[in-house]
Structures are given as structure tokens and as C-alpha cells.
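Printed here is final_39.csv (CSV, C-alpha atoms):
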chain,number,residue,atom,x,y,z
M,1259,MET,CA,102.4,118.3,128.2
M,1260,LYS,CA,106.0,117.5,127.6
M,1261,LYS,CA,107.5,114.0,127.5
M,1262,LEU,CA,111.2,113.3,128.0
M,1263,TRP,CA,112.7,110.4,126.0
M,1264,LYS,CA,116.1,109.6,127.4
M,1265,ASN,CA,119.0,107.1,127.5
M,1266,CYS,CA,119.3,106.7,123.7
M,1267,HIS,CA,121.5,107.6,120.7
M,1268,ILE,CA,119.8,109.5,117.9
M,1269,ALA,CA,120.5,109.5,114.1
M,1270,THR,CA,118.8,112.8,113.2
M,1271,MET,CA,119.4,112.3,109.4
M,1272,GLN,CA,119.8,116.0,108.9
M,1273,ASN,CA,121.5,116.8,105.5
M,1274,GLY,CA,121.1,113.1,104.5
M,1275,GLN,CA,123.7,112.0,107.0
M,1276,TYR,CA,123.4,110.1,110.3
M,1277,SER,CA,124.2,113.4,112.1
M,1278,SER,CA,124.3,111.3,115.3
M,1279,ILE,CA,123.9,112.5,118.8
M,1280,GLU,CA,125.4,110.1,121.4
M,1281,HIS,CA,124.0,109.9,124.9
M,1282,ALA,CA,121.0,111.8,123.7
M,1283,ALA,CA,117.6,112.9,124.9
M,1284,MET,CA,114.5,114.3,123.2
M,1285,VAL,CA,111.5,116.3,124.5
M,1286,THR,CA,108.2,116.1,122.7
M,1287,SER,CA,105.3,118.4,123.2
M,1288,GLY,CA,102.0,117.0,121.8
M,1289,GLN,CA,102.7,115.8,118.2
M,1290,HIS,CA,106.0,117.7,117.7
M,1291,ILE,CA,109.6,117.6,118.8
M,1292,HIS,CA,110.2,120.4,121.4
M,1293,TRP,CA,113.9,119.9,122.0
M,1294,ILE,CA,116.7,117.4,121.0
M,1295,GLY,CA,120.3,117.2,122.0
M,1296,THR,CA,122.7,115.5,124.5
M,1297,PHE,CA,121.4,114.5,127.9
M,1298,GLU,CA,123.9,116.7,129.6
M,1299,ASP,CA,122.5,119.7,127.7
M,1300,LEU,CA,118.9,118.9,128.6
M,1301,PRO,CA,117.1,122.1,129.8
M,1302,ALA,CA,115.7,122.0,133.3
M,1303,ASP,CA,111.9,121.6,132.9
M,1304,ALA,CA,108.9,119.8,134.2
M,1305,TYR,CA,107.9,116.7,132.2
M,1306,SER,CA,104.6,114.9,132.4
M,1307,GLU,CA,106.3,111.6,131.6
M,1308,THR,CA,109.9,110.3,131.3
M,1309,ILE,CA,110.5,107.3,129.0
M,1310,ASP,CA,113.8,105.4,129.3
M,1311,LEU,CA,114.8,104.0,125.9
M,1312,ASN,CA,117.4,101.7,127.4
M,1313,GLY,CA,120.2,102.6,125.0
M,1314,ALA,CA,118.2,102.3,121.8
M,1315,TRP,CA,119.2,103.9,118.5
M,1316,VAL,CA,116.5,106.4,117.5
M,1317,THR,CA,115.8,107.2,113.8
M,1318,PRO,CA,113.1,109.1,112.1
M,1319,GLY,CA,110.0,107.0,111.3
M,1320,LEU,CA,110.5,105.3,108.0
M,1321,ILE,CA,108.8,106.7,104.9
M,1322,ASP,CA,107.6,104.4,102.1
M,1323,CYS,CA,107.1,107.0,99.3
M,1324,HIS,CA,105.9,104.8,96.4
M,1325,THR,CA,103.3,102.0,96.9
M,1326,HIS,CA,100.3,100.5,95.3
M,1327,SER,CA,98.9,99.0,98.5
M,1328,VAL,CA,95.2,99.0,97.5
M,1329,PHE,CA,94.2,96.3,95.0
M,1330,GLY,CA,92.0,93.3,94.6
M,1331,GLY,CA,93.2,89.8,94.4
M,1332,ASN,CA,96.9,89.0,93.8
M,1333,ARG,CA,99.1,87.6,91.0
M,1334,SER,CA,100.9,84.8,92.6
M,1335,VAL,CA,99.8,82.4,89.9
M,1336,GLU,CA,101.3,84.7,87.3
M,1337,PHE,CA,104.5,84.7,89.3
M,1338,GLU,CA,104.5,80.9,89.1
M,1339,LYS,CA,103.9,80.9,85.4
M,1340,ARG,CA,106.8,83.3,84.8
M,1341,LEU,CA,109.1,81.0,86.8
M,1342,GLN,CA,107.9,78.2,84.5
M,1343,GLY,CA,109.0,80.2,81.4
M,1344,VAL,CA,105.8,82.0,80.3
M,1345,SER,CA,106.7,85.5,79.2
M,1346,TYR,CA,105.0,88.6,80.6
M,1347,ALA,CA,103.7,89.4,77.1
M,1348,GLU,CA,102.0,86.0,76.9
M,1349,ILE,CA,100.5,86.4,80.3
M,1350,ALA,CA,99.2,89.9,79.4
M,1351,ALA,CA,97.8,88.6,76.1
M,1352,SER,CA,95.8,86.0,78.0
M,1353,GLY,CA,94.2,88.6,80.2
M,1354,GLY,CA,96.8,88.7,82.9
M,1355,GLY,CA,99.1,91.5,84.1
M,1356,ILE,CA,97.6,94.8,85.2
M,1357,ALA,CA,94.3,93.9,83.4
M,1358,SER,CA,93.7,91.1,85.8
M,1359,THR,CA,94.3,93.3,88.8
M,1360,VAL,CA,91.9,95.9,87.3
M,1361,ARG,CA,89.2,93.2,87.1
M,1362,ALA,CA,89.7,92.1,90.6
M,1363,THR,CA,89.8,95.6,92.0
M,1364,ARG,CA,86.6,96.6,90.1
M,1365,GLU,CA,84.8,93.5,91.4
M,1366,ALA,CA,85.9,94.1,95.1
M,1367,SER,CA,83.8,96.2,97.4
M,1368,GLU,CA,85.2,99.2,99.2
M,1369,GLN,CA,85.1,97.2,102.4
M,1370,GLU,CA,86.9,94.3,100.8
M,1371,LEU,CA,89.6,96.5,99.4
M,1372,LEU,CA,90.1,98.2,102.8
M,1373,ALA,CA,90.4,94.9,104.7
M,1374,SER,CA,93.0,93.4,102.3
M,1375,ALA,CA,95.0,96.7,102.1
M,1376,LEU,CA,95.1,97.0,105.9
M,1377,LYS,CA,96.7,93.6,106.2
M,1378,ARG,CA,99.5,94.7,103.9
M,1379,VAL,CA,100.0,98.2,105.3
M,1380,ARG,CA,100.1,96.8,108.9
M,1381,CYS,CA,103.1,94.8,107.8
M,1382,LEU,CA,104.9,98.0,106.7
M,1383,LEU,CA,103.9,99.7,109.9
M,1384,LYS,CA,105.3,96.9,112.0
M,1385,ASP,CA,108.5,97.3,110.0
M,1386,GLY,CA,108.8,100.9,111.2
M,1387,VAL,CA,107.0,102.8,108.4
M,1388,THR,CA,105.1,105.8,109.9
M,1389,THR,CA,104.4,107.6,106.6
M,1390,ILE,CA,103.3,106.0,103.4
M,1391,GLU,CA,102.2,107.1,99.9
M,1392,ILE,CA,99.5,104.9,98.3
M,1393,LYS,CA,98.5,105.2,94.6
M,1394,SER,CA,95.2,104.4,92.9
M,1395,GLY,CA,95.5,103.1,89.3
M,1396,TYR,CA,93.7,99.7,89.3
M,1397,GLY,CA,90.3,101.2,88.8
M,1398,LEU,CA,90.8,103.1,85.6
M,1399,ASP,CA,87.3,104.7,85.6
M,1400,TYR,CA,85.8,107.3,87.8
M,1401,ALA,CA,83.8,105.1,90.1
M,1402,ASN,CA,86.6,102.6,90.8
M,1403,GLU,CA,89.4,105.2,91.1
M,1404,ARG,CA,87.2,107.0,93.5
M,1405,LYS,CA,86.6,103.7,95.4
M,1406,MET,CA,90.4,103.2,95.7
M,1407,LEU,CA,91.1,106.7,96.8
M,1408,ARG,CA,88.3,106.5,99.4
M,1409,VAL,CA,90.0,103.4,100.8
M,1410,ILE,CA,93.3,105.2,101.0
M,1411,ARG,CA,91.7,107.9,103.1
M,1412,GLN,CA,90.1,105.3,105.3
M,1413,ILE,CA,93.5,103.7,105.9
M,1414,ALA,CA,94.7,107.0,107.2
M,1415,ASP,CA,91.7,107.1,109.6
M,1416,THR,CA,92.3,103.5,110.7
M,1417,LEU,CA,96.1,103.3,111.3
M,1418,PRO,CA,98.5,105.5,113.2
M,1419,MET,CA,100.3,106.6,110.1
M,1420,THR,CA,100.6,109.7,107.8
M,1421,VAL,CA,99.0,108.5,104.5
M,1422,ARG,CA,99.4,110.4,101.2
M,1423,SER,CA,97.0,109.7,98.4
M,1424,THR,CA,98.2,109.8,94.7
M,1425,CYS,CA,95.9,109.5,91.7
M,1426,LEU,CA,97.4,107.2,89.2
M,1427,ALA,CA,94.5,106.9,86.8
M,1428,ALA,CA,97.0,107.2,83.9
M,1429,HIS,CA,98.5,103.8,84.9
M,1430,ALA,CA,97.2,101.7,82.0
M,1431,LEU,CA,94.6,101.9,79.3
M,1432,PRO,CA,91.2,100.5,80.5
M,1433,PRO,CA,89.4,98.0,78.3
M,1434,GLU,CA,86.6,100.6,77.5
M,1435,TYR,CA,89.2,102.8,75.8
M,1436,LYS,CA,91.1,100.2,73.8
M,1437,ASP,CA,93.2,101.9,71.1
M,1438,GLN,CA,92.0,105.3,72.4
M,1439,SER,CA,94.7,106.4,74.7
M,1440,ASP,CA,94.4,110.1,73.8
M,1441,ALA,CA,90.7,110.0,74.5
M,1442,TYR,CA,91.3,108.3,77.9
M,1443,ILE,CA,93.9,111.0,78.9
M,1444,GLU,CA,91.3,113.7,77.9
M,1445,HIS,CA,88.7,111.9,80.1
M,1446,ILE,CA,91.1,111.9,83.1
M,1447,CYS,CA,91.9,115.6,82.5
M,1448,ASN,CA,88.4,116.9,81.9
M,1449,GLU,CA,86.3,114.6,84.0
M,1450,MET,CA,88.0,112.2,86.4
M,1451,LEU,CA,90.8,114.2,88.0
M,1452,PRO,CA,88.8,117.5,88.6
M,1453,LYS,CA,86.0,115.6,90.3
M,1454,LEU,CA,88.3,113.5,92.5
M,1455,HIS,CA,90.3,116.6,93.5
M,1456,GLN,CA,87.1,118.4,94.3
M,1457,GLU,CA,86.1,115.6,96.7
M,1458,GLY,CA,89.4,116.0,98.5
M,1459,LEU,CA,90.7,112.6,97.6
M,1460,VAL,CA,93.9,113.5,95.8
M,1461,ASP,CA,97.2,114.7,97.3
M,1462,ALA,CA,99.3,114.3,94.1
M,1463,VAL,CA,99.1,113.0,90.5
M,1464,ASP,CA,101.2,110.3,88.9
M,1465,ALA,CA,101.4,108.6,85.5
M,1466,PHE,CA,103.1,105.7,83.8
M,1467,CYS,CA,105.3,107.1,81.0
M,1468,GLU,CA,106.3,104.1,78.9
M,1469,TYR,CA,105.9,102.7,75.4
M,1470,LEU,CA,103.3,100.2,76.8
M,1471,ALA,CA,101.4,102.9,78.7
M,1472,PHE,CA,101.4,106.6,77.9
M,1473,SER,CA,103.6,108.9,75.8
M,1474,PRO,CA,105.4,111.9,77.0
M,1475,ALA,CA,103.0,114.1,75.1
M,1476,GLN,CA,100.0,112.5,76.8
M,1477,VAL,CA,101.7,112.7,80.2
M,1478,GLU,CA,102.4,116.4,79.7
M,1479,ARG,CA,98.7,117.0,79.0
M,1480,LEU,CA,98.0,115.4,82.4
M,1481,PHE,CA,100.7,117.5,84.1
M,1482,LYS,CA,99.2,120.7,82.8
M,1483,THR,CA,95.8,119.7,84.3
M,1484,ALA,CA,97.4,118.8,87.6
M,1485,GLN,CA,99.2,122.2,87.6
M,1486,SER,CA,95.9,124.0,87.0
M,1487,LEU,CA,94.5,122.2,90.1
M,1488,ASN,CA,97.6,123.0,92.1
M,1489,LEU,CA,98.3,119.4,92.6
M,1490,PRO,CA,102.0,118.2,92.8
M,1491,ILE,CA,103.1,115.6,90.4
M,1492,LYS,CA,105.2,112.4,90.3
M,1493,LEU,CA,106.0,110.0,87.5
M,1494,HIS,CA,106.8,106.4,86.7
M,1495,ALA,CA,109.7,107.0,84.2
M,1496,GLU,CA,112.4,105.2,82.3
M,1497,GLN,CA,111.7,101.7,83.8
M,1498,LEU,CA,111.7,99.9,80.5
M,1499,SER,CA,112.9,102.4,77.9
M,1500,ALA,CA,114.4,105.9,77.5
M,1501,LEU,CA,111.5,108.3,76.7
M,1502,GLY,CA,112.7,111.4,78.5
M,1503,GLY,CA,109.9,111.1,81.1
M,1504,SER,CA,112.2,112.1,84.0
M,1505,SER,CA,113.3,115.2,82.1
M,1506,LEU,CA,109.6,116.0,81.5
M,1507,ALA,CA,108.9,115.5,85.2
M,1508,ALA,CA,111.7,117.9,86.1
M,1509,ARG,CA,110.4,120.6,83.7
M,1510,TYR,CA,107.2,120.5,85.7
M,1511,GLN,CA,108.9,120.5,89.0
M,1512,ALA,CA,107.8,117.0,89.9
M,1513,LEU,CA,108.3,115.8,93.5
M,1514,SER,CA,109.9,112.7,92.1
M,1515,ALA,CA,110.5,110.5,89.1
M,1516,ASP,CA,110.6,106.8,89.9
M,1517,HIS,CA,112.3,103.6,88.6
M,1518,LEU,CA,114.7,105.3,86.2
M,1519,GLU,CA,116.8,102.3,85.0
M,1520,PHE,CA,117.0,103.8,81.5
M,1521,MET,CA,117.4,107.5,82.3
M,1522,THR,CA,120.2,109.4,80.5
M,1523,GLU,CA,122.8,111.9,81.7
M,1524,ASP,CA,120.6,114.7,80.4
M,1525,ASP,CA,117.7,113.4,82.5
M,1526,VAL,CA,119.9,113.3,85.6
M,1527,LYS,CA,121.0,116.9,85.0
M,1528,ALA,CA,117.4,118.0,84.6
M,1529,MET,CA,116.3,116.4,87.8
M,1530,ALA,CA,119.3,117.8,89.7
M,1531,ALA,CA,118.4,121.4,88.5
M,1532,ALA,CA,114.7,121.0,89.4
M,1533,GLY,CA,115.3,119.3,92.8
M,1534,THR,CA,113.2,116.3,91.6
M,1535,VAL,CA,113.9,113.2,93.8
M,1536,ALA,CA,115.0,109.9,92.2
M,1537,VAL,CA,113.0,107.1,93.7
M,1538,LEU,CA,114.6,103.7,93.2
M,1539,LEU,CA,112.6,100.6,93.5
M,1540,PRO,CA,114.9,97.6,94.1
M,1541,GLY,CA,112.0,95.2,94.8
M,1542,ALA,CA,110.7,95.5,91.2
M,1543,PHE,CA,114.3,95.3,89.9
M,1544,TYR,CA,114.8,92.1,91.8
M,1545,PHE,CA,111.4,90.5,91.2
M,1546,LEU,CA,111.7,91.1,87.4
M,1547,ARG,CA,115.3,90.0,87.3
M,1548,GLU,CA,116.4,93.2,85.7
M,1549,THR,CA,120.0,93.7,84.6
M,1550,LYS,CA,119.9,97.4,83.6
M,1551,TYR,CA,120.9,99.5,86.6
M,1552,PRO,CA,119.8,103.1,87.2
M,1553,PRO,CA,122.8,105.5,86.5
M,1554,LEU,CA,123.8,105.6,90.2
M,1555,ASP,CA,127.2,107.2,89.7
M,1556,SER,CA,125.6,110.0,87.6
M,1557,LEU,CA,122.9,110.5,90.2
M,1558,HIS,CA,125.5,110.8,93.0
M,1559,GLN,CA,127.8,113.0,90.9
M,1560,HIS,CA,125.0,115.6,90.1
M,1561,GLY,CA,123.7,115.6,93.7
M,1562,VAL,CA,120.2,114.2,93.0
M,1563,ARG,CA,118.4,113.1,96.1
M,1564,ILE,CA,117.9,109.3,96.1
M,1565,ALA,CA,114.9,107.8,97.9
M,1566,LEU,CA,114.1,104.1,98.2
M,1567,SER,CA,110.6,102.5,98.4
M,1568,SER,CA,108.9,99.2,98.5
M,1569,ASP,CA,106.7,99.7,95.3
M,1570,LEU,CA,104.3,97.4,97.0
M,1571,ASN,CA,102.1,96.1,94.2
M,1572,PRO,CA,100.6,92.7,93.2
M,1573,GLY,CA,102.5,92.2,89.9
M,1574,THR,CA,106.1,93.3,90.1
M,1575,SER,CA,107.0,94.0,93.8
M,1576,PRO,CA,104.8,92.2,96.3
M,1577,ALA,CA,107.1,93.6,99.1
M,1578,LEU,CA,105.8,93.7,102.6
M,1579,SER,CA,109.1,94.9,104.2
M,1580,LEU,CA,110.7,98.3,103.6
M,1581,ARG,CA,113.7,97.0,105.6
M,1582,LEU,CA,114.3,94.3,103.1
M,1583,MET,CA,114.1,96.9,100.3
M,1584,MET,CA,116.7,98.9,102.2
M,1585,ASN,CA,119.0,95.9,102.2
M,1586,MET,CA,118.4,95.5,98.4
M,1587,GLY,CA,119.2,99.2,98.0
M,1588,SER,CA,122.6,98.6,99.5
M,1589,THR,CA,123.4,95.2,98.0
M,1590,LEU,CA,122.0,95.7,94.5
M,1591,PHE,CA,122.4,99.5,94.0
M,1592,ARG,CA,125.6,99.8,96.2
M,1593,LEU,CA,124.2,102.6,98.4
M,1594,THR,CA,126.1,103.1,101.7
M,1595,PRO,CA,124.1,102.4,104.9
M,1596,GLU,CA,123.9,106.2,105.5
M,1597,GLN,CA,122.6,106.8,102.0
M,1598,THR,CA,120.1,103.9,102.4
M,1599,LEU,CA,118.7,105.3,105.6
M,1600,ALA,CA,118.5,108.8,104.1
M,1601,GLY,CA,116.6,107.2,101.2
M,1602,VAL,CA,113.7,106.1,103.5
M,1603,THR,CA,113.7,109.2,105.7
M,1604,THR,CA,114.8,112.7,104.6
M,1605,HIS,CA,114.9,112.0,100.9
M,1606,ALA,CA,111.7,110.1,100.9
M,1607,ALA,CA,110.1,113.1,102.7
M,1608,TYR,CA,111.2,115.3,99.8
M,1609,ALA,CA,109.6,112.8,97.4
M,1610,LEU,CA,106.3,113.4,99.1
M,1611,GLY,CA,106.7,117.2,99.6
M,1612,LEU,CA,106.8,116.6,103.4
M,1613,GLN,CA,110.3,117.8,104.1
M,1614,GLU,CA,109.2,120.6,106.3
M,1615,THR,CA,107.5,118.3,108.8
M,1616,HIS,CA,108.9,114.8,108.3
M,1617,GLY,CA,112.1,112.9,107.5
M,1618,THR,CA,114.5,114.2,110.1
M,1619,LEU,CA,114.5,114.6,113.8
M,1620,GLU,CA,114.6,118.4,114.5
M,1621,THR,CA,112.9,120.8,116.8
M,1622,GLY,CA,109.5,121.7,115.5
M,1623,LYS,CA,109.1,118.7,113.3
M,1624,VAL,CA,106.5,115.9,113.7
M,1625,ALA,CA,107.5,113.5,116.5
M,1626,ASP,CA,107.6,110.3,114.4
M,1627,PHE,CA,110.5,108.1,115.4
M,1628,ILE,CA,111.6,104.6,116.0
M,1629,ALA,CA,113.7,103.4,118.9
M,1630,TRP,CA,115.6,100.4,117.6
M,1631,ASP,CA,117.1,97.8,120.0
M,1632,ILE,CA,120.4,97.7,118.0
M,1633,GLU,CA,124.0,98.7,118.3
M,1634,HIS,CA,124.3,100.7,115.1
M,1635,PRO,CA,121.9,102.2,112.5
M,1636,SER,CA,123.2,99.8,109.8
M,1637,GLU,CA,121.6,96.9,111.7
M,1638,ILE,CA,118.2,98.1,110.6
M,1639,PHE,CA,118.7,96.5,107.2
M,1640,TYR,CA,121.7,94.3,107.9
M,1641,TRP,CA,119.3,91.6,109.3
M,1642,LEU,CA,117.4,89.8,106.6
M,1643,GLY,CA,113.7,89.4,107.6
M,1644,GLY,CA,112.4,89.0,111.0
M,1645,ASP,CA,110.9,91.6,113.3
M,1646,LEU,CA,113.6,93.8,114.8
M,1647,PRO,CA,112.8,94.8,118.4
M,1648,LYS,CA,111.7,98.4,118.4
M,1649,ARG,CA,109.4,101.0,119.8
M,1650,ILE,CA,107.3,102.9,117.3
M,1651,ILE,CA,106.4,106.5,118.2
M,1652,GLN,CA,103.9,108.4,116.0
M,1653,HIS,CA,103.0,112.0,116.6
M,1654,GLY,CA,104.6,111.8,120.1
M,1655,ASN,CA,102.7,108.6,121.2
M,1656,GLU,CA,104.1,105.1,121.4
M,1657,ILE,CA,101.9,102.7,119.4
M,1658,SER,CA,101.3,99.0,119.5
M,1659,ILE,CA,100.5,96.8,116.5
Final C-alpha cells representation of the file:
Amino acid sequence: MKKLWKNCHIATMQNGQYSSIEHAAMVTSGQHIHWIGTFEDLPADAYSETIDLNGAWVTPGLIDCHTHSVFGGNRSVEFEKRLQGVSYAEIAASGGGIASTVRATREASEQELLASALKRVRCLLKDGVTTIEIKSGYGLDYANERKMLRVIRQIADTLPMTVRSTCLAAHALPPEYKDQSDAYIEHICNEMLPKLHQEGLVDAVDAFCEYLAFSPAQVERLFKTAQSLNLPIKLHAEQLSALGGSSLAARYQALSADHLEFMTEDDVKAMAAAGTVAVLLPGAFYFLRETKYPPLDSLHQHGVRIALSSDLNPGTSPALSLRLMMNMGSTLFRLTPEQTLAGVTTHAAYALGLQETHGTLETGKVADFIAWDIEHPSEIFYWLGGDLPKRIIQHGNEISI
């Protein structure tokens, strides 16, 4: 059954550009795009339904390619303490930081984690996000990482979204392994990850490569295990220091390396050669009042794909709007509107390994798109806050939230 979507303009986002079609139409068949072009070139055919989009601008559904949406509790009290002058190190020393989220996540039931996560993810869906990646990493033992990953799968079953699940067991050192980081990495590689993968709970593997988390050598051990399981990899790298994590990720053909404030020119060249996407996270940059910018000129010069994401998490980016992150990508990181929209569509699809099916509007791809009641695509993130009028179509069907 074919549906005709007419009376619109379409930013297809092919090749990372608007690639606009004025006075456009689109035909969907089931979950996929059957035809796309100008209305005057529309093939004569029979359609089960014709939908008038009233002059809307149509873009691919937005893709949030780096989130930590499942967690117990929140850290708003820590946020208040930091604003009152208490350092992050002091908060961590008193049992705060990631450790506090780990405790709250371990204490929460699967049902409680699902209920709280759905509230947050629905905010992103309402913002136009039709594809999302969600990481574990607040359980830090088999039972609780499994609990988080099971919740991520249930989110996919509950909401009309494509949901990718990433195992981030190498996020921090759990209390049971204090001063035993090598032993914990071995536990992830030998026990935790193989079991979770066997249960079908893992789409990709991530790690936090930092002086306060795990070393490049430890991360490489994890990457080798992921490779042996045929799991794609991602990496938190160069957020706080230059350890060469992004170059390491590139050597293992990682889908993405994320944060990247301290990456070097050599890191950029390595990522460009490997096709590894640079995922920038302006919410964390803003929330932590960072002043060290990612090497944007170098990334552009060497042709590295740049994606943007919310980094939704309880400690450093409690962001419930990808549109706001897009605005920050333009205002803080000086991305053009076209680059910004590419960062949450086509380039974000590459960051999840979904570029063959998502991220652009082309014949044969999944029919995920947003019909925005706007006059130009830049309005999507020009407006600060609020709920822009839109129609959300996922897999060829309009959804209501």
C-alpha cells in the first residue's frame, strides 16, 4: 500500500547538505521510501492515502547517537553544589559523581528504570528524534549491566523509535574492583561482554578512555574482545586529556570517537583515514563550563564527519532536547546550519552504522521523517526551547505522542 505525501519541501540531507527539493512529494510503501522528487515529476500511480503536508519542510528523522538515557536517580543536588563552589573532585570524594548514579541504578528495579527512562526518551521523541542510541554503564557488574540493557530493549518495544543498545561496562571502576582496573577489564572481556552479547542485548561496545577511567592499553584489550564477537566499537575519548584514544579507536575502525576536546592533529588524520565519525557533545561542554574546544578547523580540513548528540546523562548533560543541542552546536562550535542538521541526520547515522538505512531521505531507505511547520530548515534550532509544530513519521506511519 503506497502513501503519497505532497505539498512540501524536502531537505534530503544527501552528502551532508540540504540537497533541497522544492515543491516536493514523497511516496512511501510500508516502512520504506518508494519514490521522492518534485510533484510535477510524480509518477502516475494508485495511492491508498494522500497526505497534504501544507507546505511543511521535511527532514529525515533526527538521530541522537550518544545518550545515557537509562539511570537511577539524578544529580541535581550535585549541580547545585558545583554552582556553590564545591569541586567535582570533592563531590566524588564524598561518594558523588558516577558512583552515586551507580548506587541509585543498582537499587532501582528494572520496571523503575524503564519508567524513568521513558519519560526522558519521550521528550527526545517529541523533539523529532526517531532513532536513538542508549548506553549502559551505570551498573558495572553483570546483573546490573544486564538490567540496563534489558531496559534499553524494552524502550525499543515501547516507543516508535529505532533504538541501538551500547554496552559501556568500561565506564568507571566499580567499588568491588577498587584499585584493580586491569582485573575489571578482564572480567568484562572474559565474562560480562560475551554473556550479554550471547543474550542479544548488545549492538555496540563503548569505553571511557581517560586518566580517571581506563587507559588506552586497557581499552585496546576490550576492543580486541569486541572484534572477536563481531561487535562494532565506539569510544569516549579526549574529553579531559590527550591520551590518543581517538587514534586508537580509528585503528580499530570504530564507528565514532566522542567528546574530543583534547584530540591532536594526528588523531584527526587517523579518524579521517578510518572514516570514524567525530561526535561532539555541546551539552556537556556547556554544562561543565569547558573552555577547551574540539579542533573544529582541523576536523573540517581533513573531512571528518561531525555528528552532534545530546549526551543525555544525569551528571554532565541532563539534556532533554536535541534541538537545543543543535543550537549549541552552531553557537558554541560555529557549525553552519547545514552542518548542524547533517550532524543529527546523515553523520549521526554513520556514527551508529545505520547509514545504509537511515539519515537521509532516499528511495529504499526507512521512511523516518519530520514535517516541520517552518519556513526554512535553520528554524529547527533557531528557536530556543518550546515545541515546534511538526508531524513525526516513523516507518511510514504518522505517530502521536
- Task: To one decimal in Å, tell me the separation between CA of Tyr1276 (chain M) and CA of Ile1321 (chain M).
- Result: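 Result for CA of Tyr1276 (chain M) versus CA of Ile1321 (chain M): 15.9 Å, one decimal.
Separating CA of Gly1354 (chain M) from CA of Lys1405 (chain M) is a distance of 22.0 Å.
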Please tell me which residues are no farther than 12 Å from (120.8, 119.4, 127.3) in the file, counting all atoms listed in the file, and write them as a tab-separated table (two decimals) with C-alpha atoms, keeping the file's coordinate frame.
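Okay, result_35.tsv is ready:
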chain	number	residue	atom	x	y	z
M	1262	LEU	CA	111.20	113.30	128.00
M	1264	LYS	CA	116.10	109.60	127.40
M	1279	ILE	CA	123.90	112.50	118.80
M	1280	GLU	CA	125.40	110.10	121.40
M	1281	HIS	CA	124.00	109.90	124.90
M	1282	ALA	CA	121.00	111.80	123.70
M	1283	ALA	CA	117.60	112.90	124.90
M	1284	MET	CA	114.50	114.30	123.20
M	1285	VAL	CA	111.50	116.30	124.50
M	1293	TRP	CA	113.90	119.90	122.00
M	1294	ILE	CA	116.70	117.40	121.00
M	1295	GLY	CA	120.30	117.20	122.00
M	1296	THR	CA	122.70	115.50	124.50
M	1297	PHE	CA	121.40	114.50	127.90
M	1298	GLU	CA	123.90	116.70	129.60
M	1299	ASP	CA	122.50	119.70	127.70
M	1300	LEU	CA	118.90	118.90	128.60
M	1301	PRO	CA	117.10	122.10	129.80
M	1302	ALA	CA	115.70	122.00	133.30
M	1303	ASP	CA	111.90	121.60	132.90
- Query: Pick the closest to Leu1341 (chain M) from M:Cys1467, M:Leu1546, M:Leu1372, M:Ala1600: which is it, counting only C-alpha atoms?
  - Reply: M:Leu1546
- Task: Tell me which protein, DNA and RNA residues are within 8 Å of region 1386-1395 of chain M, counting only C-alpha atoms, leaving out same-chain ones fewer than 2 positions away, and put them as a ChimeraX atom specification.
- Result: /M:1319-1328,1382-1384,1397-1398,1403,1406-1407,1410,1418-1430,1580,1610,1626,1628,1650,1652
- Query: Closest to Glu1548 (chain M) among M:Val1379, M:Cys1447, M:Leu1498, M:Ala1532, using all atoms listed in the file?
  - Reply: M:Leu1498
- Item | For Glu1336 (chain M), the nearest of the candidates M:Pro1572, M:Met1584, M:Gln1289, M:Ala1475, counting only C-alpha atoms | M:Pro1572
- Between M:Gly1573, M:Val1537, M:Thr1483, M:Arg1581, which is the closest to Val1360 (chain M) once you count all atoms listed in the file? M:Gly1573
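What separates CA of Ala1528 (chain M) from CA of Ser1504 (chain M) is a distance of 7.9 Å.
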- Message: Considering only C-alpha atoms, can you say which of M:Ile1268, M:Leu1487, M:Leu1599, M:Ile1651 comes closest to Val1624 (chain M)?
- Response: M:Ile1651
- Message: So, with only C-alpha atoms as the atoms that count, which of M:Glu1368, M:Glu1348, M:Asp1415, M:Glu1633 lies closest to Val1316 (chain M)?
- Response: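 For Val1316 (chain M), the nearest of the given residues is M:Glu1633.
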- Message: Would you pick out the contacts of His1605 (chain M) at 7 Å or less, using only C-alpha atoms, so that residues sharing its chain but fewer than 3 positions from it are not included, and give the list as a PyMOL selection string?
- Response: chain M and resi 1563-1565+1600-1602+1608-1609
- Quick one: everything within 8 Å of Asp1525 (chain M), counting all atoms listed in the file, minus sequence neighbours fewer than 2 positions away in the same chain. Send it as a PyMOL selection string. chain M and resi 1502+1504-1505+1521-1523+1527-1529
- Neighbours of Phe1543 (chain M) within 9 Å (all atoms listed in the file; same-chain residues fewer than 6 positions away dropped), as a list in words? His1517, Glu1519, Thr1549, Lys1550, Tyr1551, Thr1574, Ser1575 and Leu1590 of chain M
